[in-house]
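Structure data follow from my_file_17.txt (compact mmCIF, C-alpha atoms):
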```txt
# COMPACT_ATOMS: atom_id res chain seq x y z
CA MET A 1 0.00 0.00 0.00
CA LYS A 2 1.44 3.33 -1.02
CA ARG A 3 2.14 5.76 1.80
CA ARG A 4 0.57 9.20 1.50
CA ASN A 5 3.03 11.85 0.42
CA PHE A 6 1.76 14.67 2.63
CA LEU A 7 4.52 15.19 5.15
CA ASN A 8 7.59 15.96 3.10
CA THR A 9 9.82 18.40 4.95
CA SER A 10 9.85 20.71 1.94
CA ALA A 11 6.07 21.03 2.08
CA LEU A 12 6.28 22.61 5.53
CA GLY A 13 8.38 25.55 4.37
CA ALA A 14 11.62 27.10 5.51
CA GLY A 15 12.09 27.45 9.24
CA VAL A 16 9.40 24.98 10.22
CA VAL A 17 11.63 22.19 11.45
CA PHE A 18 14.40 24.12 13.15
CA LEU A 19 12.56 27.26 14.23
CA SER A 20 14.71 29.68 12.27
CA SER A 21 11.92 32.21 12.70
CA CYS A 22 11.45 31.75 16.45
CA GLU A 23 13.18 35.02 17.23
CA THR A 24 10.69 37.08 15.23
CA GLY A 25 9.35 39.81 17.46
CA VAL A 26 11.62 38.84 20.36
CA GLY A 27 15.08 40.07 19.40
CA SER A 28 17.56 40.78 22.17
CA ASP A 29 15.11 42.67 24.43
CA PRO A 30 14.85 40.69 27.68
CA THR A 31 11.62 42.42 28.73
CA MET A 32 8.02 41.75 27.76
CA ASP A 33 8.08 44.97 25.72
CA GLY A 34 10.01 43.11 23.03
CA LEU A 35 7.24 40.58 22.46
CA LYS A 36 4.40 40.73 19.98
CA SER A 37 1.74 38.39 18.65
CA LEU A 38 3.04 35.51 16.55
CA VAL A 39 -0.33 34.08 15.53
CA GLU A 40 -1.42 36.55 12.85
CA ASP A 41 -0.49 34.15 10.06
CA ILE A 42 -1.98 30.92 11.40
CA GLN A 43 -4.58 28.91 9.51
CA ALA A 44 -7.33 27.35 11.61
CA ILE A 45 -8.68 23.88 10.88
CA THR A 46 -11.24 24.25 8.09
CA PRO A 47 -14.78 22.83 7.99
CA GLU A 48 -13.67 20.75 5.02
CA GLU A 49 -10.93 19.08 7.06
CA ARG A 50 -13.36 18.34 9.88
CA ALA A 51 -15.79 16.81 7.36
CA ALA A 52 -12.97 14.59 6.09
CA ARG A 53 -12.31 13.47 9.67
CA VAL A 54 -15.96 12.47 10.06
CA SER A 55 -15.84 10.59 6.76
CA LYS A 56 -12.76 8.67 7.90
CA ALA A 57 -14.48 7.80 11.19
CA GLN A 58 -17.57 6.58 9.33
CA LYS A 59 -15.47 4.42 7.03
CA LEU A 60 -13.78 2.82 10.03
CA MET A 61 -17.16 2.25 11.69
CA GLN A 62 -18.58 0.57 8.61
CA GLU A 63 -15.54 -1.72 8.38
CA GLN A 64 -15.94 -2.70 12.04
CA GLY A 65 -19.71 -3.12 12.14
CA ILE A 66 -20.19 -0.13 14.47
CA SER A 67 -23.52 1.68 14.14
CA VAL A 68 -22.77 4.95 15.93
CA LEU A 69 -20.00 6.74 17.81
CA LEU A 70 -20.99 8.54 21.04
CA LEU A 71 -18.93 11.63 21.90
CA ASP A 72 -18.90 13.55 25.18
CA ALA A 73 -18.10 17.25 25.39
CA GLY A 74 -14.31 17.36 25.12
CA THR A 75 -11.40 16.99 22.75
CA SER A 76 -12.80 14.37 20.37
CA LEU A 77 -16.04 16.31 19.95
CA THR A 78 -14.02 19.39 19.04
CA TYR A 79 -11.76 17.36 16.75
CA PHE A 80 -14.66 16.06 14.66
CA THR A 81 -17.10 18.98 14.86
CA GLY A 82 -15.24 22.13 15.94
CA ILE A 83 -17.65 22.47 18.88
CA SER A 84 -16.05 23.36 22.20
CA TRP A 85 -18.41 22.77 25.13
CA TRP A 86 -17.85 22.69 28.87
CA PRO A 87 -18.48 19.13 30.16
CA SER A 88 -20.92 19.98 32.94
CA GLU A 89 -23.27 17.65 34.80
CA ARG A 90 -25.86 18.37 32.09
CA PRO A 91 -25.04 16.01 29.20
CA MET A 92 -24.29 17.47 25.79
CA VAL A 93 -23.23 14.68 23.45
CA GLY A 94 -22.62 14.20 19.77
CA LEU A 95 -23.60 11.19 17.69
CA ILE A 96 -21.71 10.18 14.55
CA PRO A 97 -23.64 7.43 12.75
CA ALA A 98 -21.86 5.01 10.43
CA LYS A 99 -23.92 6.53 7.64
CA GLY A 100 -25.77 9.81 7.49
CA SER A 101 -25.61 13.12 9.30
CA LEU A 102 -24.47 13.91 12.84
CA ALA A 103 -26.92 14.66 15.62
CA PHE A 104 -26.57 16.29 19.03
CA ILE A 105 -28.33 16.15 22.38
CA CYS A 106 -28.09 19.31 24.45
CA PRO A 107 -29.79 21.00 27.43
CA GLY A 108 -32.94 22.81 26.36
CA PHE A 109 -32.03 26.15 27.89
CA GLU A 110 -28.74 26.05 25.93
CA GLU A 111 -30.32 25.16 22.58
CA ASN A 112 -30.18 28.64 21.05
CA ARG A 113 -26.54 29.10 22.00
CA PHE A 114 -25.72 25.62 20.73
CA ARG A 115 -27.42 26.24 17.39
CA GLU A 116 -25.07 29.16 16.81
CA MET A 117 -22.29 26.56 16.52
CA VAL A 118 -23.88 24.25 13.94
CA GLU A 119 -25.47 24.46 10.54
CA GLU A 120 -29.16 25.27 10.45
CA SER A 121 -30.09 21.82 9.13
CA THR A 122 -28.30 19.97 11.97
CA LYS A 123 -30.53 17.67 14.02
CA VAL A 124 -30.53 18.83 17.66
CA TYR A 125 -32.46 17.06 20.42
CA ALA A 126 -33.04 19.46 23.30
CA TRP A 127 -33.95 18.08 26.72
CA GLN A 128 -35.64 20.06 29.48
CA GLU A 129 -34.54 20.04 33.11
CA ASP A 130 -37.26 17.58 34.15
CA GLU A 131 -36.58 15.22 31.22
CA SER A 132 -34.06 12.42 30.66
CA PRO A 133 -31.35 13.27 28.12
CA TYR A 134 -30.68 9.55 27.78
CA LYS A 135 -34.16 8.86 26.44
CA LEU A 136 -33.46 11.46 23.78
CA VAL A 137 -30.23 9.67 22.88
CA ALA A 138 -32.25 6.45 22.50
CA LYS A 139 -34.80 8.35 20.37
CA ALA A 140 -31.98 9.64 18.17
CA PHE A 141 -30.70 6.09 17.72
CA THR A 142 -34.16 4.98 16.58
CA GLU A 143 -34.56 7.88 14.17
CA MET A 144 -31.13 7.06 12.72
CA GLY A 145 -32.42 3.54 12.04
CA ILE A 146 -30.26 1.96 14.73
CA SER A 147 -32.40 -0.80 16.24
CA SER A 148 -29.49 -3.18 16.83
CA GLY A 149 -25.72 -3.17 16.58
CA LYS A 150 -22.77 -1.56 18.33
CA VAL A 151 -22.53 1.80 20.02
CA ALA A 152 -18.88 2.92 20.24
CA ILE A 153 -18.00 4.91 23.36
CA GLU A 154 -15.11 7.36 23.08
CA GLU A 155 -12.49 7.04 25.81
CA ARG A 156 -13.38 10.15 27.81
CA LEU A 157 -17.13 9.81 27.85
CA ARG A 158 -18.10 10.01 31.50
CA PHE A 159 -19.56 6.94 33.18
CA PHE A 160 -22.85 8.53 34.26
CA ILE A 161 -23.62 9.33 30.61
CA TYR A 162 -22.65 5.85 29.43
CA ASN A 163 -24.74 4.27 32.17
CA GLY A 164 -27.75 6.45 31.41
CA VAL A 165 -27.62 5.72 27.68
CA LYS A 166 -27.19 1.99 28.30
CA GLU A 167 -30.26 1.93 30.56
CA ALA A 168 -32.29 3.86 27.97
CA ALA A 169 -31.19 1.59 25.09
CA PRO A 170 -30.28 -1.77 26.68
CA HIS A 171 -30.83 -3.71 23.45
CA LEU A 172 -27.67 -2.28 21.88
CA GLU A 173 -24.09 -3.49 22.34
CA TYR A 174 -21.63 -1.00 23.85
CA VAL A 175 -17.98 -1.17 22.81
CA SER A 176 -14.84 0.96 23.03
CA GLY A 177 -14.57 3.69 20.41
CA ASP A 178 -10.76 3.65 20.45
CA SER A 179 -10.65 1.68 17.19
CA VAL A 180 -12.30 4.71 15.54
CA THR A 181 -10.99 7.75 17.38
CA VAL A 182 -7.37 6.66 17.78
CA PRO A 183 -6.63 5.98 14.08
CA CYS A 184 -8.21 9.33 13.25
CA ARG A 185 -6.49 11.48 15.86
CA ILE A 186 -3.07 9.83 16.08
CA VAL A 187 -2.22 10.74 12.47
CA LYS A 188 -1.93 14.50 12.07
CA SER A 189 -2.45 16.53 8.91
CA ILE A 190 -0.12 19.28 7.70
CA SER A 191 -2.60 21.81 9.12
CA GLU A 192 -2.37 20.26 12.57
CA ILE A 193 1.41 20.02 12.43
CA LEU A 194 1.77 23.66 11.44
CA LEU A 195 -0.36 24.73 14.41
CA MET A 196 1.80 22.61 16.73
CA GLN A 197 4.90 24.13 15.14
CA LYS A 198 3.60 27.62 15.87
CA ALA A 199 2.86 26.65 19.47
CA THR A 200 6.41 25.31 19.72
CA GLU A 201 7.84 28.53 18.31
CA ILE A 202 5.98 30.56 20.91
CA THR A 203 6.93 28.28 23.80
CA THR A 204 10.58 28.42 22.74
CA ALA A 205 10.51 32.21 22.88
CA ALA A 206 8.59 32.16 26.19
CA ILE A 207 11.15 29.86 27.86
CA LYS A 208 13.90 32.28 26.85
CA VAL A 209 11.98 35.07 28.59
CA GLY A 210 11.55 32.86 31.65
CA PHE A 211 15.26 32.10 31.87
CA LYS A 212 16.10 35.81 31.63
CA ALA A 213 13.76 36.44 34.56
CA LEU A 214 15.67 34.10 36.90
CA LYS A 215 17.60 35.85 39.67
CA GLU A 216 19.49 34.49 42.63
CA GLY A 217 17.10 34.16 45.56
CA CYS A 218 13.95 33.88 43.43
CA THR A 219 11.37 31.09 43.56
CA PRO A 220 10.11 28.91 40.68
CA ALA A 221 7.09 31.22 40.41
CA THR A 222 9.36 33.90 38.93
CA PHE A 223 10.02 31.70 35.91
CA SER A 224 6.49 30.33 35.63
CA GLU A 225 4.82 33.75 35.73
CA ALA A 226 7.18 35.17 33.11
CA VAL A 227 6.49 32.27 30.74
CA ALA A 228 2.73 32.56 31.23
CA ALA A 229 2.79 36.27 30.46
CA ALA A 230 4.99 35.72 27.40
CA HIS A 231 2.71 33.01 26.04
CA THR A 232 -0.27 35.31 26.35
CA LYS A 233 1.47 38.32 24.82
CA MET A 234 2.50 36.26 21.80
CA GLY A 235 -1.11 35.23 21.19
CA ALA A 236 -1.10 31.65 22.53
CA LYS A 237 -3.15 30.11 25.30
CA HIS A 238 -0.86 29.39 28.24
CA ALA A 239 -0.95 25.73 29.28
CA PHE A 240 1.75 25.21 31.93
CA ALA A 241 5.22 26.33 33.04
CA SER A 242 6.92 24.16 35.64
CA CYS A 243 10.30 25.09 37.12
CA ASN A 244 12.38 23.26 39.74
CA PHE A 245 15.76 23.97 41.30
CA GLY A 246 18.55 21.76 42.65
CA GLU A 247 17.42 18.57 44.35
CA ALA A 248 13.79 19.26 43.38
CA SER A 249 14.74 18.79 39.73
CA ALA A 250 15.07 15.06 40.44
CA PHE A 251 11.28 14.88 40.83
CA PRO A 252 9.93 14.57 37.25
CA HIS A 253 6.92 16.75 38.06
CA GLY A 254 8.57 18.81 40.77
CA SER A 255 8.48 19.05 44.54
CA GLY A 256 5.99 20.79 46.80
CA ARG A 257 8.72 22.03 49.13
CA PRO A 258 9.85 25.69 49.06
CA GLN A 259 12.69 26.38 46.63
CA ILE A 260 15.08 29.32 46.49
CA LEU A 261 17.45 29.66 43.55
CA LYS A 262 21.19 29.83 44.14
CA LYS A 263 24.19 29.85 41.86
CA GLY A 264 25.21 26.42 40.63
CA ASP A 265 21.71 24.96 40.91
CA VAL A 266 20.41 22.71 38.20
CA VAL A 267 17.23 24.31 36.82
CA LEU A 268 14.75 22.01 35.05
CA VAL A 269 11.80 23.60 33.27
CA ASP A 270 8.83 22.11 31.43
CA CYS A 271 6.52 24.42 29.45
CA GLY A 272 3.73 24.40 26.92
CA CYS A 273 1.02 26.45 25.27
CA THR A 274 -1.72 25.88 22.72
CA VAL A 275 -2.50 27.53 19.39
CA GLU A 276 -5.97 26.88 18.00
CA GLY A 277 -6.20 23.98 20.45
CA TYR A 278 -2.89 22.33 19.46
CA ASN A 279 -0.12 21.80 22.00
CA ALA A 280 3.60 22.35 22.39
CA ASP A 281 5.69 20.71 25.13
CA ILE A 282 9.36 21.52 25.75
CA SER A 283 11.73 20.81 28.67
CA ARG A 284 15.18 22.25 29.20
CA THR A 285 17.82 21.76 31.89
CA ILE A 286 20.56 24.31 32.64
CA VAL A 287 22.92 25.26 35.45
CA PHE A 288 22.21 28.71 36.85
CA GLY A 289 24.87 31.36 37.26
CA ALA A 290 27.93 29.11 37.26
CA SER A 291 29.86 26.60 35.21
CA PRO A 292 28.51 23.07 35.57
CA THR A 293 30.29 20.61 37.83
CA ALA A 294 31.81 17.53 36.26
CA ARG A 295 28.88 15.49 37.59
CA GLN A 296 26.26 17.87 36.19
CA GLN A 297 27.95 17.93 32.81
CA GLU A 298 28.30 14.14 32.72
CA ILE A 299 24.61 13.52 33.40
CA TRP A 300 23.48 16.26 31.00
CA ASP A 301 25.62 14.76 28.25
CA LEU A 302 24.20 11.30 28.98
CA GLU A 303 20.67 12.67 28.74
CA LYS A 304 21.40 14.31 25.40
CA LYS A 305 22.84 11.03 24.11
CA ALA A 306 19.73 9.15 25.27
CA GLN A 307 17.40 11.65 23.60
CA ALA A 308 19.37 11.36 20.35
CA ALA A 309 19.09 7.56 20.52
CA GLY A 310 15.33 7.81 20.93
CA PHE A 311 15.12 10.10 17.91
CA ALA A 312 17.21 7.74 15.80
CA ALA A 313 14.81 4.89 16.63
CA ALA A 314 11.70 6.89 15.71
CA GLN A 315 11.60 5.59 12.15
CA ILE A 316 8.60 4.63 10.05
CA GLY A 317 7.99 0.91 10.44
CA ASN A 318 9.57 0.68 13.88
CA LYS A 319 7.35 0.35 16.93
CA LEU A 320 6.85 3.00 19.56
CA HIS A 321 8.44 0.80 22.21
CA ASP A 322 11.65 0.86 20.13
CA VAL A 323 12.01 4.57 20.92
CA ASP A 324 11.82 3.88 24.66
CA ALA A 325 14.17 0.91 24.42
CA ALA A 326 16.83 2.86 22.51
CA ALA A 327 16.85 5.83 24.88
CA ARG A 328 16.67 3.66 28.00
CA LYS A 329 19.57 1.47 26.84
CA VAL A 330 21.89 4.48 26.80
CA ILE A 331 20.98 5.24 30.40
CA THR A 332 21.13 1.67 31.70
CA ASP A 333 24.42 1.03 29.89
CA ALA A 334 25.82 3.91 31.93
CA GLY A 335 24.93 2.06 35.14
CA PHE A 336 21.53 3.56 35.96
CA GLY A 337 18.22 1.75 36.45
CA PRO A 338 17.47 -0.81 35.23
CA ASP A 339 13.89 -0.38 34.05
CA TYR A 340 12.17 2.35 36.10
CA GLN A 341 14.44 2.11 39.13
CA LEU A 342 16.18 5.19 40.52
CA PRO A 343 18.62 6.62 39.91
CA GLY A 344 17.64 6.37 36.28
CA LEU A 345 14.68 6.91 33.95
CA PRO A 346 11.50 6.51 36.05
CA HIS A 347 8.87 6.94 33.33
CA ARG A 348 8.19 6.32 29.64
CA THR A 349 10.47 8.03 27.13
CA GLY A 350 7.68 9.93 25.41
CA HIS A 351 3.98 10.63 25.03
CA GLY A 352 1.76 11.38 22.08
CA ILE A 353 0.78 15.02 21.61
CA GLY A 354 -1.80 16.93 19.60
CA MET A 355 -5.05 18.50 20.75
CA ASP A 356 -4.31 16.94 24.13
CA GLY A 357 -0.93 17.52 25.72
CA HIS A 358 -0.76 13.78 26.40
CA GLU A 359 -2.56 11.48 23.99
CA TRP A 360 -2.07 8.21 22.11
CA GLY A 361 1.37 7.48 20.73
CA ASN A 362 3.33 6.78 23.92
CA ALA A 363 6.95 5.71 23.55
CA VAL A 364 6.80 3.08 26.27
CA LYS A 365 7.75 -0.54 26.79
CA GLY A 366 5.15 -2.88 25.35
CA ASN A 367 3.57 -0.39 22.92
CA GLU A 368 3.49 -2.36 19.66
CA THR A 369 1.98 0.52 17.66
CA VAL A 370 3.87 0.87 14.38
CA ILE A 371 5.25 4.34 13.70
CA GLU A 372 3.76 5.97 10.61
CA ALA A 373 3.81 9.34 8.89
CA GLY A 374 1.76 11.94 10.75
CA MET A 375 2.37 10.70 14.28
CA CYS A 376 3.61 13.24 16.83
CA PHE A 377 5.21 12.47 20.20
CA SER A 378 7.74 13.71 22.71
CA ILE A 379 11.21 12.27 23.33
CA GLU A 380 12.18 13.05 26.95
CA PRO A 381 14.22 10.37 28.75
CA THR A 382 14.63 12.00 32.17
CA ILE A 383 17.57 11.02 34.35
CA ALA A 384 16.53 11.43 38.00
CA ILE A 385 19.06 11.17 40.84
CA LEU A 386 17.31 11.71 44.18
CA GLY A 387 19.32 13.83 46.60
CA GLU A 388 21.30 15.40 43.75
CA PHE A 389 19.40 16.65 40.70
CA GLY A 390 17.55 15.59 37.58
CA VAL A 391 18.04 16.30 33.90
CA ARG A 392 15.36 16.23 31.25
CA LEU A 393 15.59 17.37 27.65
CA GLU A 394 12.19 17.23 25.97
CA ASP A 395 11.44 18.00 22.38
CA CYS A 396 8.59 16.69 20.28
CA VAL A 397 8.81 15.13 16.85
CA PHE A 398 6.47 14.71 13.93
CA ILE A 399 6.96 11.79 11.58
CA SER A 400 7.33 12.93 7.99
CA ASP A 401 7.52 10.66 4.97
CA ASP A 402 11.28 10.99 5.39
CA GLY A 403 11.29 10.01 9.06
CA PRO A 404 11.30 11.97 12.33
CA LYS A 405 11.63 15.76 12.35
CA TRP A 406 12.00 17.90 15.46
CA PHE A 407 9.42 20.54 16.26
CA SER A 408 12.08 22.28 18.37
CA LYS A 409 15.80 21.88 17.79
CA PRO A 410 17.39 19.95 20.69
CA SER A 411 19.34 21.86 23.32
CA PRO A 412 22.93 22.52 22.17
CA SER A 413 24.55 22.63 25.62
CA ILE A 414 23.95 22.78 29.35
CA LEU A 415 24.59 26.54 29.34
CA GLU A 416 22.76 27.30 26.08
CA PRO A 417 19.26 25.78 26.07
CA PHE A 418 18.54 27.08 22.56
CA ASP A 419 20.60 28.09 19.55
```
Encoding of this model in structure tokens:
Amino acid sequence: MKRRNFLNTSALGAGVVFLSSCETGVGSDPTMDGLKSLVEDIQAITPEERAARVSKAQKLMQEQGISVLLLDAGTSLTYFTGISWWPSERPMVGLIPAKGSLAFICPGFEENRFREMVEESTKVYAWQEDESPYKLVAKAFTEMGISSGKVAIEERLRFFIYNGVKEAAPHLEYVSGDSVTVPCRIVKSISEILLMQKATEITTAAIKVGFKALKEGCTPATFSEAVAAAHTKMGAKHAFASCNFGEASAFPHGSGRPQILKKGDVVLVDCGCTVEGYNADISRTIVFGASPTARQQEIWDLEKKAQAAGFAAAQIGNKLHDVDAAARKVITDAGFGPDYQLPGLPHRTGHGIGMDGHEWGNAVKGNETVIEAGMCFSIEPTIAILGEFGVRLEDCVFISDDGPKWFSKPSPSILEPFD
């Protein structure tokens, strides 16, 4: 079967892979005054692309004998329909039938607002406060001609909704929707990749601002607040900005104990933002205000070698667990671990990324998923040494037809987190 030729590096344009444009609007000014919006040129996901996503889902459903896919308010609903809806205790769900048009069930008092988000001809079942939304779901099934067969449940649909629908339509079979949603969402289009690239560009610039804000005696909040403000000023939606000093850097997601920065501390940061709903995720590790010790340099160099090994293994046709195995081998060969034991690499080497910061596509032992063009995931083999420090270098890749390409260029040195 011929592979689609839609992810050639040349198609993404100059500067996409290695962020040659990431300085635009930032320059050498270390203050917020040097920042400007970087999202003026972005292209949002089009209705035509969303329609193609629905068509792909319906094709998969027909092949698998699934009658309808049930979506809760959340990422998958937005992915297929463009509708963003707060998942409250009042169910609002979408139905994608194997054939035919989509339908929605929403609270009656929200119907007018909801109809602003859909085409006029869209079938909307509105339930009042004293009515059962689940009976309306069952009615929708009947009107779609679904009297038997499988109802696929997407992974994040909340149990009380599943239970209510099952009680209202007990004659149907309820199965996981992963076999539909995962193949759709795990393979990104050029449009999705470009949005993630823009988010990466902005996060790169924001981390630089955060590092410039660090002063001896400050707390991690100094860094985190600077990154959040920079994300916002550059037009992105801030997602997170974690920062940990010294011994706290050995905790992959940080420590709750007070931290005060001093010269010679290892500083580990982990940051991300979203652009049009698509995520970036970058980690860097530096030594603050001093030359690294021999031990700090040794572990940083080992981490960089492990990350490079993971990247080299991220080839089309390999399996996602190969990425973890390659990076982990570098670390265990150096005498750390084995497996998840400390000191060493205590977690998977990478996670999938897209509309969710963590989604399918994990580079972890036992994941037999074959790598293919369009997949996106992080490569971040942390080395954690409790009582000393931790080092993590995290950059995400997209898989082009030519193999893996970095969203952000890997850190060149322990003192220079970016080129």
Q | Nearby residues (all atoms listed in the file) at most 7 Å from Ala152 (chain A), same-chain spacing under 3 positions excluded, as an NGL selection string | A | :A and (66 or 68-70 or 174-177)
Within 10 Å of region 284-302 of chain A, which residues of region 214-260 of chain A come that close, and what is the closest atom pair and distance in Å for each? Count all atoms listed in the file and give it as JSON lines.
```
{"residue": "A:Leu214", "atom": "CA", "partner": "A:Phe288", "partner_atom": "CA", "distance": 8.5}
{"residue": "A:Lys215", "atom": "CA", "partner": "A:Gly289", "partner_atom": "CA", "distance": 8.9}
{"residue": "A:Glu216", "atom": "CA", "partner": "A:Gly289", "partner_atom": "CA", "distance": 8.2}
{"residue": "A:Cys243", "atom": "CA", "partner": "A:Arg284", "partner_atom": "CA", "distance": 9.7}
{"residue": "A:Asn244", "atom": "CA", "partner": "A:Thr285", "partner_atom": "CA", "distance": 9.7}
{"residue": "A:Phe245", "atom": "CA", "partner": "A:Phe288", "partner_atom": "CA", "distance": 9.2}
{"residue": "A:Gly246", "atom": "CA", "partner": "A:Val287", "partner_atom": "CA", "distance": 9.1}
{"residue": "A:Ser249", "atom": "CA", "partner": "A:Thr285", "partner_atom": "CA", "distance": 8.9}
```
Which residues of region 260-324 of chain A sit at most 9 Å from region 393-402 of chain A, using all atoms listed in the file? Give each one's shortest atom pair and distance in Å (one decimal place), in chain and ascending residue order, as a tab-separated table.
```
residue	atom	partner	partner_atom	distance
A:Leu268	CA	A:Leu393	CA	8.8
A:Asp270	CA	A:Glu394	CA	8.1
A:Ala280	CA	A:Cys396	CA	7.8
A:Asp281	CA	A:Asp395	CA	6.9
A:Ile282	CA	A:Glu394	CA	5.1
A:Ser283	CA	A:Glu394	CA	4.5
A:Arg284	CA	A:Leu393	CA	5.1
A:Thr285	CA	A:Leu393	CA	6.5
A:Trp300	CA	A:Leu393	CA	8.6
A:Glu303	CA	A:Leu393	CA	7.0
A:Lys304	CA	A:Leu393	CA	6.9
A:Gln307	CA	A:Leu393	CA	7.2
A:Phe311	CA	A:Val397	CA	8.1
A:Ala314	CA	A:Ile399	CA	8.0
A:Gln315	CA	A:Ile399	CA	7.8
A:Ile316	CA	A:Ile399	CA	7.5
```
Using only C-alpha atoms, what table do you get, as a Markdown table, when you list each residue of region 230-272 of chain A with an atom no more than 8 Å from region 31-35 of chain A, its nearest pair of atoms, and their distance in Å rounded to one decimal, rows by chain then rising number?
```
| residue | atom | partner | partner_atom | distance |
| --- | --- | --- | --- | --- |
| A:Ala230 | CA | A:Met32 | CA | 6.8 |
| A:Lys233 | CA | A:Leu35 | CA | 6.6 |
| A:Met234 | CA | A:Leu35 | CA | 6.4 |
```
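Put simply, CA of Arg113 (chain A) is 19.5 Å away from CA of Glu131 (chain A).
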